[in-house]
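> Attaching a single structure in structure tokens format; questions to follow.
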Amino acid sequence: QRIFVCAADLEDELIRALGVTRVEELVRAEGDLRPLQTFLRQPAQRGRTSQQQLRRFLSTKKGRKIHYGRVLTEALDPDRIPAPLDGLLTSL
């Protein structure tokens, strides 16, 4: 039995693989630009990196992590799949 571990979580791995700019483009395309902008204005988000802010944003609404898990995964180039996910898929 093999175990595949993400650094923080799958969203963190996907954001790192896609890059902040691409994830922001996907959030905009999914119609969540306004909620993201509101979220980013919150004082608690100051001092966090863009990657940390996006990761936290994906957890702010029920169902958003599941939705964006699919969106971000589908946007990945085959040669940019995060190692833990690649390992899991290869082992299947």
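Residues are named by chain letter and number: chains run A, B, ... in the order of the structure tokens, numbers start at 1 in each chain, and ligands are numbered from 1 in the order shown.
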Name the residues in contact with Leu88 of chain A at a cut-off of 12 Å, using only C-alpha atoms, excluding same-chain residues fewer than 4 positions from it; report them as an MDAnalysis selection string.
chainID A and resid 1:6 81:84 92
> Keeping only N, CA and C atoms, write the selected residues to a file as a compact mmCIF listing (two decimals), in the first residue's frame.

# COMPACT_ATOMS: atom_id res chain seq x y z
N GLN A 1 0.85 -1.18 0.00
CA GLN A 1 0.00 0.00 0.00
C GLN A 1 0.89 1.23 0.00
N ARG A 2 0.59 2.17 -0.90
CA ARG A 2 1.37 3.40 -0.99
C ARG A 2 0.54 4.56 -0.47
N ILE A 3 1.21 5.54 0.08
CA ILE A 3 0.55 6.73 0.62
C ILE A 3 1.11 7.95 -0.12
N PHE A 4 0.22 8.84 -0.52
CA PHE A 4 0.60 10.04 -1.25
C PHE A 4 0.19 11.25 -0.41
N VAL A 5 1.14 12.10 -0.09
CA VAL A 5 0.90 13.20 0.84
C VAL A 5 1.14 14.55 0.17
N CYS A 6 0.17 15.43 0.34
CA CYS A 6 0.30 16.80 -0.16
C CYS A 6 1.02 17.64 0.90
N ILE A 81 1.19 18.03 -13.34
CA ILE A 81 0.40 17.39 -12.28
C ILE A 81 1.25 17.30 -11.02
N PRO A 82 0.72 17.77 -9.86
CA PRO A 82 1.48 17.69 -8.61
C PRO A 82 1.89 16.25 -8.30
N ALA A 83 3.06 16.09 -7.75
CA ALA A 83 3.62 14.77 -7.48
C ALA A 83 2.68 13.85 -6.71
N PRO A 84 2.04 14.30 -5.62
CA PRO A 84 1.15 13.37 -4.90
C PRO A 84 -0.03 12.87 -5.76
N LEU A 92 -3.05 3.65 -9.81
CA LEU A 92 -4.38 3.06 -10.01
C LEU A 92 -4.41 2.06 -11.15
> So which residues touch segment 32-47 of chain A within 12 Å, counting only C-alpha atoms, skipping near sequence neighbours fewer than 2 positions away, as a list in words?
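Neighbouring residues, sequence-local ones excluded: Val23, Glu24, Glu25, Leu26, Val27, Arg28, Ala29, Glu30, Thr49, Ser50, Gln51, Gln52, Gln53, Leu54, Arg55, Arg56, Phe57, Leu58, Ser59, Thr60, Lys61, Arg64, His67 and Tyr68 of chain A.
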> Could you work out how far atom CA of Lys62 of chain A lies from atom CA of Val20 of chain A, giving the answer in Å with one decimal?
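Separating atom CA of Val20 of chain A from atom CA of Lys62 of chain A is a distance of 21.9 Å.
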> Can you check which residues of chain A DSSP gives as alpha helix (DSSP H) on the backbone and send them as a PyMOL selection string?
chain A and resi 10-18+20-29+33-40+50-57+64-75+83-91
